[in-house]
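Asker: Got a file for you: target_39.txt, compact mmCIF, C-alpha atoms and all ligand atoms.
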# COMPACT_ATOMS: atom_id res chain seq x y z
CA MET E 8 8.57 -3.08 -27.67
CA ASN E 9 6.66 -0.55 -25.71
CA PRO E 10 9.18 2.09 -24.62
CA VAL E 11 7.63 2.55 -21.16
CA LEU E 12 8.02 -1.11 -20.27
CA ALA E 13 11.09 -2.08 -22.30
CA ASP E 14 13.64 -0.39 -20.08
CA LEU E 15 11.98 -0.85 -16.71
CA PRO E 16 14.12 -2.47 -14.04
CA THR E 17 12.69 -5.35 -12.00
CA THR E 18 10.71 -4.04 -9.04
CA ILE E 19 12.86 -3.49 -5.94
CA PHE E 20 10.67 -5.81 -3.85
CA THR E 21 11.33 -8.74 -6.15
CA VAL E 22 15.03 -7.90 -6.39
CA MET E 23 15.42 -7.77 -2.61
CA SER E 24 13.37 -10.91 -1.94
CA GLY E 25 15.46 -12.71 -4.59
CA LEU E 26 18.70 -11.61 -2.92
CA ALA E 27 17.35 -12.63 0.49
CA ARG E 28 16.57 -16.11 -0.86
CA ASP E 29 19.87 -16.51 -2.72
CA LEU E 30 21.96 -15.27 0.20
CA ASN E 31 19.84 -16.87 2.89
CA ALA E 32 19.34 -13.46 4.47
CA ILE E 33 16.58 -12.37 6.85
CA ASN E 34 14.01 -10.68 4.66
CA LEU E 35 12.83 -7.38 6.13
CA GLY E 36 12.46 -5.98 2.60
CA GLN E 37 9.27 -6.86 0.72
CA GLY E 38 6.26 -6.25 2.93
CA PHE E 39 4.59 -9.45 4.06
CA PRO E 40 3.97 -11.00 7.47
CA ASP E 41 5.77 -14.24 8.25
CA ASP E 42 2.87 -15.81 10.12
CA PRO E 43 0.39 -17.95 8.19
CA GLY E 44 -2.60 -15.60 8.65
CA PRO E 45 -6.00 -16.19 10.27
CA GLU E 46 -6.78 -19.89 10.26
CA ASP E 47 -10.56 -19.50 10.05
CA VAL E 48 -10.28 -17.38 6.91
CA ARG E 49 -7.87 -19.84 5.30
CA ARG E 50 -10.12 -22.74 6.26
CA ARG E 51 -13.05 -21.04 4.54
CA ALA E 52 -11.00 -20.80 1.36
CA ALA E 53 -9.95 -24.44 1.57
CA GLU E 54 -13.55 -25.56 2.08
CA ALA E 55 -14.69 -23.42 -0.83
CA VAL E 56 -12.03 -24.97 -3.10
CA LEU E 57 -13.13 -28.48 -2.13
CA HIS E 58 -16.88 -28.06 -1.91
CA GLY E 59 -17.74 -24.80 -3.69
CA ASP E 60 -18.07 -23.65 -7.26
CA ASN E 61 -14.71 -23.23 -8.98
CA GLN E 62 -15.93 -21.91 -12.33
CA TYR E 63 -15.81 -18.26 -13.41
CA PRO E 64 -17.37 -16.04 -10.78
CA PRO E 65 -19.18 -12.88 -11.96
CA MET E 66 -16.90 -10.30 -13.55
CA MET E 67 -17.70 -7.71 -10.86
CA GLY E 68 -17.12 -10.17 -8.01
CA LEU E 69 -19.29 -12.55 -6.00
CA PRO E 70 -22.43 -10.70 -4.83
CA GLU E 71 -21.85 -12.00 -1.29
CA LEU E 72 -18.38 -10.44 -1.27
CA ARG E 73 -19.58 -7.14 -2.74
CA ARG E 74 -22.25 -6.97 -0.04
CA ALA E 75 -19.66 -7.84 2.63
CA ILE E 76 -17.37 -5.07 1.35
CA ALA E 77 -20.16 -2.47 1.49
CA THR E 78 -21.16 -3.59 4.99
CA HIS E 79 -17.54 -3.64 6.16
CA TYR E 80 -16.85 -0.08 5.02
CA ALA E 81 -20.18 1.21 6.34
CA HIS E 82 -19.19 -0.14 9.74
CA HIS E 83 -15.49 0.79 9.78
CA GLU E 84 -15.38 4.01 7.75
CA ASP E 85 -18.95 5.34 7.66
CA LEU E 86 -19.17 4.87 3.90
CA ASP E 87 -22.49 4.38 2.19
CA LEU E 88 -21.81 2.19 -0.86
CA ASP E 89 -24.26 0.40 -3.08
CA PRO E 90 -22.80 -3.13 -3.37
CA MET E 91 -24.07 -3.76 -6.87
CA SER E 92 -23.22 -0.49 -8.62
CA GLU E 93 -20.37 0.92 -6.51
CA VAL E 94 -18.20 -2.08 -5.52
CA MET E 95 -16.02 -4.33 -7.67
CA VAL E 96 -13.58 -7.13 -6.79
CA THR E 97 -10.17 -7.26 -8.49
CA SER E 98 -7.17 -9.56 -8.45
CA GLY E 99 -5.24 -7.48 -5.97
CA ALA E 100 -5.05 -3.75 -5.40
CA THR E 101 -2.41 -3.41 -8.11
CA GLU E 102 -4.93 -4.60 -10.68
CA ALA E 103 -7.44 -2.13 -9.24
CA ILE E 104 -4.92 0.67 -9.68
CA ALA E 105 -4.06 -0.42 -13.23
CA ALA E 106 -7.73 -0.71 -14.18
CA SER E 107 -8.49 2.72 -12.72
CA LEU E 108 -5.61 4.39 -14.54
CA PHE E 109 -6.28 2.66 -17.86
CA ALA E 110 -9.97 3.53 -17.55
CA LEU E 111 -9.56 7.22 -16.81
CA ILE E 112 -6.37 8.51 -18.40
CA ALA E 113 -6.48 9.62 -22.02
CA PRO E 114 -3.14 10.29 -23.73
CA GLY E 115 -1.85 13.71 -22.73
CA ASP E 116 -3.81 13.96 -19.47
CA GLU E 117 -1.82 15.15 -16.50
CA VAL E 118 -1.68 13.03 -13.36
CA VAL E 119 -0.48 14.33 -10.00
CA LEU E 120 1.49 11.86 -7.89
CA PHE E 121 3.27 12.21 -4.57
CA ALA E 122 6.75 10.88 -3.94
CA PRO E 123 7.56 8.64 -2.18
CA LEU E 124 5.44 6.70 -4.66
CA TYR E 125 4.77 3.01 -4.92
CA ASP E 126 6.81 1.77 -7.85
CA ALA E 127 3.86 0.52 -9.91
CA TYR E 128 2.20 3.93 -10.24
CA LEU E 129 4.50 5.73 -12.61
CA PRO E 130 4.86 3.04 -15.31
CA LEU E 131 1.10 2.50 -15.26
CA VAL E 132 0.41 6.22 -15.64
CA ARG E 133 2.91 6.45 -18.51
CA ARG E 134 1.64 3.27 -20.20
CA ALA E 135 -1.81 4.83 -20.16
CA GLY E 136 -0.38 7.90 -21.91
CA GLY E 137 -0.55 10.16 -18.86
CA ILE E 138 1.93 12.90 -18.08
CA ALA E 139 3.13 12.65 -14.49
CA ARG E 140 3.41 15.71 -12.26
CA ILE E 141 5.30 14.49 -9.23
CA VAL E 142 5.13 16.35 -5.94
CA PRO E 143 7.96 15.30 -3.63
CA LEU E 144 7.03 15.03 0.07
CA GLN E 145 9.72 15.66 2.63
CA PRO E 146 10.73 13.47 5.55
CA PRO E 147 10.16 13.12 8.40
CA HIS E 148 6.50 14.27 8.21
CA PHE E 149 5.68 13.76 4.52
CA ARG E 150 2.85 16.31 4.73
CA LEU E 151 1.03 17.90 1.80
CA ASP E 152 1.89 21.49 1.06
CA ALA E 153 -0.45 24.06 -0.50
CA ALA E 154 2.26 25.78 -2.55
CA ALA E 155 3.49 22.51 -4.05
CA LEU E 156 -0.07 21.45 -4.85
CA ALA E 157 -0.76 24.80 -6.50
CA GLU E 158 2.22 24.23 -8.75
CA ALA E 159 1.23 20.70 -9.72
CA PHE E 160 -2.53 21.09 -10.27
CA SER E 161 -3.97 22.88 -13.28
CA ASP E 162 -6.93 22.54 -15.58
CA ARG E 163 -4.94 19.91 -17.47
CA THR E 164 -4.98 17.66 -14.39
CA LYS E 165 -7.25 14.65 -14.87
CA LEU E 166 -6.33 12.61 -11.85
CA VAL E 167 -4.38 12.47 -8.61
CA ILE E 168 -3.10 9.28 -6.96
CA LEU E 169 -2.93 9.22 -3.18
CA ASN E 170 -1.60 6.40 -1.03
CA ASN E 171 -2.91 6.72 2.52
CA PRO E 172 -1.51 5.46 4.89
CA LEU E 173 1.66 6.05 2.94
CA ASN E 174 4.10 3.26 2.07
CA PRO E 175 7.10 3.50 2.67
CA SER E 176 7.03 6.48 5.05
CA ALA E 177 4.56 4.83 7.48
CA THR E 178 2.77 8.16 7.87
CA ILE E 179 -0.94 8.93 7.73
CA PHE E 180 -2.60 11.84 5.96
CA GLY E 181 -5.08 13.28 8.45
CA ARG E 182 -8.12 15.45 7.93
CA GLU E 183 -6.14 18.63 7.33
CA ASP E 184 -4.04 17.18 4.49
CA LEU E 185 -7.08 15.47 2.99
CA ALA E 186 -9.12 18.70 3.08
CA LEU E 187 -6.30 20.51 1.31
CA LEU E 188 -6.12 17.87 -1.40
CA ALA E 189 -9.92 17.79 -1.73
CA SER E 190 -9.97 21.55 -2.28
CA PHE E 191 -7.60 21.16 -5.26
CA CYS E 192 -9.60 18.22 -6.64
CA THR E 193 -12.88 20.13 -6.55
CA ARG E 194 -11.36 23.38 -7.84
CA HIS E 195 -9.78 21.67 -10.87
CA ASP E 196 -12.41 18.96 -11.37
CA VAL E 197 -9.94 16.14 -10.68
CA ILE E 198 -10.61 12.47 -9.89
CA ALA E 199 -8.70 10.98 -6.95
CA VAL E 200 -7.49 7.39 -7.07
CA CYS E 201 -6.95 6.45 -3.44
CA ASP E 202 -4.78 3.46 -2.69
CA GLU E 203 -5.90 2.81 0.89
CA VAL E 204 -4.62 -0.74 1.25
CA TRP E 205 -3.04 0.00 4.65
CA GLU E 206 -6.25 1.48 6.11
CA HIS E 207 -6.58 -1.17 8.85
CA ILE E 208 -2.89 -1.24 9.78
CA VAL E 209 -2.78 1.99 11.80
CA PHE E 210 -1.46 2.31 15.33
CA ASP E 211 -1.76 4.20 18.61
CA GLY E 212 -5.51 4.71 18.31
CA ALA E 213 -5.31 6.41 14.90
CA ARG E 214 -8.39 6.12 12.65
CA HIS E 215 -8.11 6.01 8.90
CA ILE E 216 -10.11 8.70 7.10
CA PRO E 217 -10.99 7.81 3.50
CA LEU E 218 -10.62 10.77 1.12
CA MET E 219 -14.05 9.83 -0.21
CA VAL E 220 -15.80 11.24 2.90
CA LEU E 221 -14.38 14.74 2.43
CA PRO E 222 -16.84 17.34 1.09
CA GLY E 223 -17.11 17.22 -2.68
CA MET E 224 -15.18 13.92 -2.99
CA ARG E 225 -17.89 11.26 -2.90
CA ASP E 226 -18.41 11.19 -6.66
CA ARG E 227 -14.83 11.90 -7.72
CA THR E 228 -12.93 9.36 -5.60
CA ILE E 229 -11.97 5.82 -6.51
CA LYS E 230 -11.18 4.00 -3.28
CA ILE E 231 -9.00 0.90 -3.46
CA GLY E 232 -8.66 -1.70 -0.69
CA SER E 233 -6.88 -5.02 -0.26
CA ALA E 234 -7.85 -8.24 1.49
CA GLY E 235 -4.21 -9.28 1.30
CA LYS E 236 -3.32 -6.41 3.63
CA ILE E 237 -6.45 -6.65 5.80
CA PHE E 238 -5.81 -10.31 6.64
CA GLY E 239 -2.05 -10.45 6.21
CA LEU E 240 -2.49 -12.88 3.28
CA THR E 241 -0.55 -10.91 0.70
CA GLY E 242 -0.35 -13.73 -1.84
CA TRP E 243 -4.10 -13.93 -2.19
CA LYS E 244 -4.30 -10.87 -4.41
CA VAL E 245 -7.90 -9.98 -3.70
CA GLY E 246 -8.54 -6.24 -4.05
CA PHE E 247 -11.60 -4.01 -4.10
CA VAL E 248 -12.57 -0.87 -6.00
CA MET E 249 -15.26 1.44 -4.69
CA ALA E 250 -16.54 4.42 -6.64
CA ALA E 251 -19.69 6.18 -7.75
CA ALA E 252 -21.48 4.11 -10.39
CA PRO E 253 -20.51 6.21 -13.46
CA LEU E 254 -16.81 5.95 -12.53
CA LEU E 255 -16.92 2.30 -11.52
CA ARG E 256 -18.56 1.34 -14.81
CA VAL E 257 -15.55 2.56 -16.76
CA VAL E 258 -13.06 0.95 -14.35
CA ALA E 259 -14.99 -2.30 -14.80
CA ASN E 260 -14.53 -2.01 -18.57
CA ALA E 261 -10.77 -2.05 -18.01
CA HIS E 262 -10.95 -4.84 -15.41
CA GLN E 263 -12.92 -7.14 -17.72
CA PHE E 264 -9.96 -7.34 -20.08
CA LEU E 265 -7.16 -7.32 -17.51
CA THR E 266 -8.04 -10.27 -15.29
CA PHE E 267 -11.83 -10.45 -15.75
CA THR E 268 -12.30 -12.14 -12.38
CA THR E 269 -10.69 -13.46 -9.20
CA PRO E 270 -10.62 -17.01 -7.73
CA PRO E 271 -14.06 -17.64 -6.20
CA ALA E 272 -12.84 -19.59 -3.17
CA LEU E 273 -10.72 -16.64 -2.08
CA GLN E 274 -13.66 -14.30 -2.60
CA THR E 275 -15.86 -16.50 -0.39
CA ALA E 276 -13.24 -16.54 2.36
CA VAL E 277 -12.68 -12.78 2.17
CA ALA E 278 -16.45 -12.19 2.44
CA TYR E 279 -16.42 -14.23 5.63
CA GLY E 280 -13.32 -12.45 6.99
CA LEU E 281 -14.57 -8.92 6.35
CA SER E 282 -17.57 -9.52 8.56
CA LYS E 283 -15.51 -10.64 11.55
CA GLU E 284 -15.95 -8.78 14.81
CA ASP E 285 -14.01 -5.58 15.56
CA ALA E 286 -11.87 -7.36 18.15
CA SER E 287 -10.12 -9.44 15.49
CA PHE E 288 -9.01 -6.30 13.60
CA ALA E 289 -7.96 -4.66 16.86
CA ALA E 290 -5.94 -7.74 17.81
CA MET E 291 -4.17 -7.71 14.45
CA ARG E 292 -3.26 -4.04 14.89
CA ALA E 293 -2.02 -4.72 18.42
CA ARG E 294 0.22 -7.57 17.19
CA PHE E 295 1.79 -5.41 14.50
CA ALA E 296 2.21 -2.50 16.92
CA ARG E 297 4.07 -4.83 19.33
CA SER E 298 6.42 -5.89 16.54
CA ARG E 299 6.93 -2.28 15.52
CA ASP E 300 7.83 -1.42 19.12
CA ARG E 301 10.21 -4.37 19.42
CA LEU E 302 12.13 -3.46 16.26
CA THR E 303 12.09 0.27 17.09
CA ALA E 304 13.44 -0.34 20.60
CA GLY E 305 16.12 -2.75 19.38
CA LEU E 306 17.29 -0.35 16.69
CA SER E 307 17.30 2.65 19.03
CA GLU E 308 19.33 0.73 21.62
CA ARG E 309 21.89 0.03 18.93
CA GLY E 310 22.22 3.71 18.07
CA PHE E 311 20.01 3.88 14.97
CA ARG E 312 17.71 6.85 14.45
CA VAL E 313 14.25 5.45 13.76
CA LEU E 314 11.44 7.51 12.21
CA PRO E 315 8.07 7.04 13.91
CA SER E 316 5.80 4.49 12.22
CA HIS E 317 2.10 5.33 12.44
CA GLY E 318 0.86 2.54 10.19
CA THR E 319 1.75 -0.11 7.53
CA TYR E 320 4.16 -3.01 8.15
CA PHE E 321 7.17 -0.68 7.97
CA LEU E 322 9.47 1.65 9.79
CA ASN E 323 12.32 3.75 8.44
CA VAL E 324 15.87 4.13 9.64
CA ASP E 325 17.70 7.41 9.03
CA LEU E 326 21.18 6.81 7.63
CA ALA E 327 22.32 10.42 8.04
CA PRO E 328 23.72 9.88 11.57
CA LEU E 329 25.77 6.99 10.14
CA GLY E 330 27.30 9.41 7.65
CA CYS E 331 25.63 7.56 4.77
CA ASP E 332 23.67 9.16 1.96
CA ASP E 333 23.49 6.19 -0.38
CA ASP E 334 20.60 3.98 0.66
CA VAL E 335 21.09 1.63 -2.32
CA ALA E 336 24.72 0.91 -1.42
CA PHE E 337 23.74 0.57 2.24
CA CYS E 338 21.04 -2.03 1.45
CA ASP E 339 23.39 -3.88 -0.87
CA THR E 340 26.03 -4.18 1.86
CA LEU E 341 23.39 -4.99 4.44
CA VAL E 342 22.05 -7.96 2.52
CA ARG E 343 25.38 -9.26 1.14
CA GLN E 344 27.62 -8.79 4.18
CA HIS E 345 25.22 -8.81 7.10
CA GLY E 346 22.39 -10.99 5.87
CA VAL E 347 19.45 -8.59 6.26
CA ALA E 348 17.34 -7.50 3.30
CA ALA E 349 15.79 -3.99 3.42
CA ILE E 350 14.36 -1.51 0.92
CA PRO E 351 16.11 1.74 -0.08
CA ILE E 352 13.63 4.61 -0.03
CA SER E 353 15.13 6.22 -3.12
CA ALA E 354 13.30 3.47 -5.04
CA PHE E 355 10.13 5.45 -4.25
CA TYR E 356 11.49 8.80 -5.49
CA PRO E 357 11.76 8.82 -9.29
CA ASP E 358 14.47 11.51 -9.07
CA ALA E 359 16.18 9.64 -6.19
CA SER E 360 16.16 12.94 -4.26
CA VAL E 361 15.79 11.20 -0.87
CA ARG E 362 18.63 8.73 -0.30
CA HIS E 363 19.16 8.58 3.42
CA LEU E 364 16.28 6.36 4.53
CA VAL E 365 15.94 2.59 4.59
CA ARG E 366 12.63 0.77 5.06
CA LEU E 367 12.41 -2.31 7.28
CA CYS E 368 9.38 -4.61 7.57
CA PHE E 369 8.56 -5.46 11.18
CA ALA E 370 5.67 -7.86 10.49
CA LYS E 371 7.82 -10.81 11.61
CA ALA E 372 8.11 -13.22 14.53
CA ASP E 373 10.01 -11.93 17.58
CA ASP E 374 12.96 -14.25 17.05
CA VAL E 375 13.31 -13.15 13.42
CA LEU E 376 13.38 -9.50 14.48
CA ASP E 377 15.89 -10.30 17.24
CA ARG E 378 18.20 -12.15 14.87
CA ALA E 379 17.99 -9.26 12.39
CA LEU E 380 18.83 -6.83 15.22
CA ASP E 381 21.90 -8.89 16.13
CA ARG E 382 23.10 -8.62 12.57
CA LEU E 383 22.30 -4.91 12.38
CA SER E 384 24.49 -4.25 15.46
CA ALA E 385 27.55 -4.56 13.26
CA VAL E 386 26.30 -1.77 11.00
CA ALA E 387 25.35 0.62 13.82
CA ARG E 388 28.68 0.37 15.61
CA PRO E 389 30.55 3.19 13.81
CA ALA E 390 27.88 5.70 14.87
CA ALA E 391 27.76 4.44 18.45
CA ARG E 392 31.52 4.92 18.88
N1 LIG E 401 3.51 -3.79 -1.23
C1 LIG E 401 4.71 -4.53 -0.99
C2 LIG E 401 5.75 -3.66 -0.33
O1 LIG E 401 5.63 -2.47 -0.30
C3 LIG E 401 5.32 -5.09 -2.24
C4 LIG E 401 4.41 -5.85 -3.12
C5 LIG E 401 5.13 -6.40 -4.32
O2 LIG E 401 6.25 -6.85 -4.21
N2 LIG E 401 4.52 -6.31 -5.44
O3 LIG E 401 6.73 -4.17 0.13
Rewrite the coordinates I just gave you, this time as structure tokens.
Ligand code: GLN

Answerer:
Amino acid sequence: MNPVLADLPTTIFTVMSGLARDLNAINLGQGFPDDPGPEDVRRRAAEAVLHGDNQYPPMMGLPELRRAIATHYAHHEDLDLDPMSEVMVTSGATEAIAASLFALIAPGDEVVLFAPLYDAYLPLVRRAGGIARIVPLQPPHFRLDAAALAEAFSDRTKLVILNNPLNPSATIFGREDLALLASFCTRHDVIAVCDEVWEHIVFDGARHIPLMVLPGMRDRTIKIGSAGKIFGLTGWKVGFVMAAAPLLRVVANAHQFLTFTTPPALQTAVAYGLSKEDASFAAMRARFARSRDRLTAGLSERGFRVLPSHGTYFLNVDLAPLGCDDDVAFCDTLVRQHGVAAIPISAFYPDASVRHLVRLCFAKADDVLDRALDRLSAVARPAAR
């Protein structure tokens, strides 16, 4: 068996959702909204299944979707992408990440990653033969730091992986952090793989800045997006890769033998959805921000210390005031004894160096959040006394 994969535990999101199902707990763990998603987009998919072409779509994605992606990002992020040579559709962002890493890493190449890191990154880097250089980011701000970057980057660095907005911290890297990272990428001739799946889920008037627009980054950035996140349809697994043609060509070589293509009906519906008016994206953000505020207020009233959430479906609770420094044990008790599933942040730190934060997903109906808050009261009580 391959040693990288043989000993891997099951991903924390699957473990927690499984426990939530088995124990009939409220699932604030794995990140997905509990509403059914935009009806017009789903209707498009249904119509396309019934009346459209259900045979293999083109390997790079339906031309109408690739054009819609280019138009969408020109409008929302000022990107100038050629739909035919710089845009590819994948079966979810995770496939896009895998294809990018398999395409670019040669055995022995060094790859810079930032912790907290999404749990797929490290096994994929290692499976590709890469050597991970992990830079831990510190709560509560999770900012990049020049000294730490200087230690991690060298002329052996092939690639850096950045997740912005950052899951699970719910923070956003702004222009200053991005400029710092770009300076290291250009100095050491490094390619950046940017997992930007949360780009539309940002709050309080924030605007996502893609790393690709920073000086020197246009031709060395692979930008990854996700229709699942944009429309709150996480099971659809429709992702996008955007990169300069010479980079995208190699990523496409990996993609053709991973999944080859993605269900055409979903591609048709996503093409329709991406061209919807700005108001629909603003309304989605406003709905999630309301849920964030509801959960934040409820937790604060109960004596929890809540870290600010600037984007994503998540917020974090600080366990330190509860006298707890074992997030895994806390989440285990929370789901088994109190019926609420959450995600321990140490799952995102390969050395488990941060163990006092727990991630909760607020993308749920008001009554679900309220019931979860009732259950969480029992856990907060010792600190409130
Ligand atoms: N992105 C989701 C999260 O952070 C998990 C997706 C998955 O389970 N693969 O919760």

Asker: Mind running chain E against ligand LIG 401 (chain E) at 7 Å and telling me each contacting residue's nearest atom pair with the distance in Å (one decimal), counting only C-alpha atoms and all ligand atoms, chain and number ascending, as a Markdown table?

Answerer:
| residue | atom | partner | partner_atom | distance |
| --- | --- | --- | --- | --- |
| E:Phe20 | CA | E:LIG401 | O2 | 4.6 |
| E:Thr21 | CA | E:LIG401 | O2 | 5.8 |
| E:Gly36 | CA | E:LIG401 | O3 | 6.5 |
| E:Gln37 | CA | E:LIG401 | O3 | 3.7 |
| E:Gly38 | CA | E:LIG401 | O3 | 3.5 |
| E:Phe39 | CA | E:LIG401 | O3 | 6.9 |
| E:Asn174 | CA | E:LIG401 | O1 | 6.4 |
| E:Pro175 | CA | E:LIG401 | O1 | 6.8 |

Asker: Kindly save the residues from that selection, with C-alpha atoms included, as a PDB file, in the coordinates of the input.

Answerer:
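Ended up saving to out-v4.pdb:
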ATOM      1  CA  PHE E  20      10.670  -5.810  -3.850  1.00  0.00           C
ATOM      2  CA  THR E  21      11.330  -8.740  -6.150  1.00  0.00           C
ATOM      3  CA  GLY E  36      12.460  -5.980   2.600  1.00  0.00           C
ATOM      4  CA  GLN E  37       9.270  -6.860   0.720  1.00  0.00           C
ATOM      5  CA  GLY E  38       6.260  -6.250   2.930  1.00  0.00           C
ATOM      6  CA  PHE E  39       4.590  -9.450   4.060  1.00  0.00           C
ATOM      7  CA  ASN E 174       4.100   3.260   2.070  1.00  0.00           C
ATOM      8  CA  PRO E 175       7.100   3.500   2.670  1.00  0.00           C
TER       9      PRO E 175
END

Asker: Just give me the gap between CA of Met23 in chain E and CA of Ser353 in chain E in Å, one decimal is fine.

Answerer: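 Straight-line distance from CA of Met23 in chain E to CA of Ser353 in chain E works out to 14.0 Å.
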
Asker: Find the nearest atom pair between each residue of range 177-279 of chain E and range 103-113 of chain E for residues within 8 Å, count all atoms listed in the file, give distances in Å to one decimal, sort rows by chain and ascending number, and present the table as JSON lines.

Answerer:
{"residue": "E:Val200", "atom": "CA", "partner": "E:Ser107", "partner_atom": "CA", "distance": 7.4}
{"residue": "E:Asp202", "atom": "CA", "partner": "E:Ile104", "partner_atom": "CA", "distance": 7.5}
{"residue": "E:Ile229", "atom": "CA", "partner": "E:Ser107", "partner_atom": "CA", "distance": 7.8}
{"residue": "E:Ile231", "atom": "CA", "partner": "E:Ala103", "partner_atom": "CA", "distance": 6.7}
{"residue": "E:Gly246", "atom": "CA", "partner": "E:Ala103", "partner_atom": "CA", "distance": 6.7}
{"residue": "E:Phe247", "atom": "CA", "partner": "E:Ala103", "partner_atom": "CA", "distance": 6.9}
{"residue": "E:Val248", "atom": "CA", "partner": "E:Ala103", "partner_atom": "CA", "distance": 6.2}
{"residue": "E:Val257", "atom": "CA", "partner": "E:Ala110", "partner_atom": "CA", "distance": 5.7}
{"residue": "E:Val258", "atom": "CA", "partner": "E:Ala110", "partner_atom": "CA", "distance": 5.1}
{"residue": "E:Ala259", "atom": "CA", "partner": "E:Ala106", "partner_atom": "CA", "distance": 7.5}
{"residue": "E:Asn260", "atom": "CA", "partner": "E:Ala110", "partner_atom": "CA", "distance": 7.2}
{"residue": "E:Ala261", "atom": "CA", "partner": "E:Ala106", "partner_atom": "CA", "distance": 5.1}
{"residue": "E:His262", "atom": "CA", "partner": "E:Ala106", "partner_atom": "CA", "distance": 5.4}
{"residue": "E:Leu265", "atom": "CA", "partner": "E:Ala106", "partner_atom": "CA", "distance": 7.4}

Asker: Set the distance at 12 Å and use only C-alpha atoms: which residues neighbour Ser190 in chain E once local chain neighbours fewer than 6 positions away are removed? I'd like the list as a tab-separated table (two decimals) with C-alpha atoms, keeping the file's coordinate frame.

Answerer:
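Done, and the output landed in result-v1.tsv:
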chain	number	residue	atom	x	y	z
E	153	ALA	CA	-0.45	24.06	-0.50
E	156	LEU	CA	-0.07	21.45	-4.85
E	157	ALA	CA	-0.76	24.80	-6.50
E	160	PHE	CA	-2.53	21.09	-10.27
E	183	GLU	CA	-6.14	18.63	7.33
E	184	ASP	CA	-4.04	17.18	4.49
E	196	ASP	CA	-12.41	18.96	-11.37
E	197	VAL	CA	-9.94	16.14	-10.68
E	198	ILE	CA	-10.61	12.47	-9.89
E	199	ALA	CA	-8.70	10.98	-6.95
E	218	LEU	CA	-10.62	10.77	1.12
E	221	LEU	CA	-14.38	14.74	2.43
E	222	PRO	CA	-16.84	17.34	1.09
E	223	GLY	CA	-17.11	17.22	-2.68
E	224	MET	CA	-15.18	13.92	-2.99

Asker: Kindly indicate which residue among E:Leu329, E:Val96, E:Leu131, E:Val342 lies nearest to Pro65 in chain E, using all atoms listed in the file for the distances.

Answerer: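 Counting all atoms listed in the file, the residue closest to Pro65 in chain E is E:Val96.
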
Asker: Would you work out the distance separating CA of Met91 in chain E from CA of Ala252 in chain E, expressed in Å to one decimal?

Answerer: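 So the answer is 9.0 Å.
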
Asker: Expressed in Å to a single decimal, how great is the separation between CA of Asp60 in chain E and CA of Phe267 in chain E?

Answerer: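 Distance reported for this atom pair: 16.9 Å.
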
Asker: What lies within 9 Å of Ala293 in chain E using all atoms listed in the file, ignoring chain neighbours under 4 positions off, as a PDB file with C-alpha atoms, keeping the file's coordinate frame?

Answerer:
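Saved file out.pdb follows:
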ATOM      1  CA  PHE E 210      -1.460   2.310  15.330  1.00  0.00           C
ATOM      2  CA  ASP E 211      -1.760   4.200  18.610  1.00  0.00           C
ATOM      3  CA  PHE E 288      -9.010  -6.300  13.600  1.00  0.00           C
ATOM      4  CA  ALA E 289      -7.960  -4.660  16.860  1.00  0.00           C
ATOM      5  CA  ARG E 297       4.070  -4.830  19.330  1.00  0.00           C
ATOM      6  CA  SER E 298       6.420  -5.890  16.540  1.00  0.00           C
TER       7      SER E 298
END

Asker: Which neighbours of Pro271 in chain E fall inside 9 Å, counting only C-alpha atoms, when residues of the same chain fewer than 2 positions from it are skipped, and could you give them as a PyMOL selection string?

Answerer: chain E and resi 52+55-56+59-64+68-69+268-269+273-276

Asker: So, counting all atoms listed in the file, which residue among E:Asp162, E:Asp85, E:Glu93, E:Glu308 is closest to Leu254 in chain E?

Answerer: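 Of E:Asp162, E:Asp85, E:Glu93, E:Glu308, the one nearest Leu254 in chain E is E:Glu93, counting all atoms listed in the file.
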
Asker: Of the candidates E:Lys371, E:Ala385, E:Thr266, E:Asp339, which shows the shortest atom-to-atom distance to Phe311 in chain E, using only C-alpha atoms?

Answerer: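 Distance minimum relative to Phe311 in chain E lands on E:Ala385.
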
Asker: Between E:Arg74, E:His363, E:Arg182, E:His345, which one has atoms that come closest to Leu151 in chain E, using all atoms listed in the file?

Answerer: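 Closest candidate: E:Arg182.
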
Asker: Please supply range 237-243 of chain E, rebuilt with N, CA and C atoms, as a short mmCIF file (atom, residue, chain, number, x, y, z; two decimals), in the coordinates of the input.

Answerer:
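This went into rebuild18.cif:
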data_model
loop_
_atom_site.label_atom_id
_atom_site.label_comp_id
_atom_site.auth_asym_id
_atom_site.auth_seq_id
_atom_site.Cartn_x
_atom_site.Cartn_y
_atom_site.Cartn_z
N ILE E 237 -5.54 -6.59 4.65
CA ILE E 237 -6.45 -6.65 5.80
C ILE E 237 -6.24 -7.93 6.61
N PHE E 238 -5.96 -9.03 5.92
CA PHE E 238 -5.81 -10.31 6.64
C PHE E 238 -4.37 -10.80 6.70
N GLY E 239 -3.45 -10.00 6.20
CA GLY E 239 -2.05 -10.45 6.21
C GLY E 239 -1.85 -11.68 5.33
N LEU E 240 -2.60 -11.75 4.23
CA LEU E 240 -2.49 -12.88 3.28
C LEU E 240 -2.11 -12.28 1.93
N THR E 241 -0.89 -11.77 1.84
CA THR E 241 -0.55 -10.91 0.70
C THR E 241 -0.55 -11.65 -0.64
N GLY E 242 -0.36 -12.97 -0.59
CA GLY E 242 -0.35 -13.73 -1.84
C GLY E 242 -1.73 -13.98 -2.43
N TRP E 243 -2.75 -13.66 -1.68
CA TRP E 243 -4.10 -13.93 -2.19
C TRP E 243 -4.49 -13.03 -3.34
#
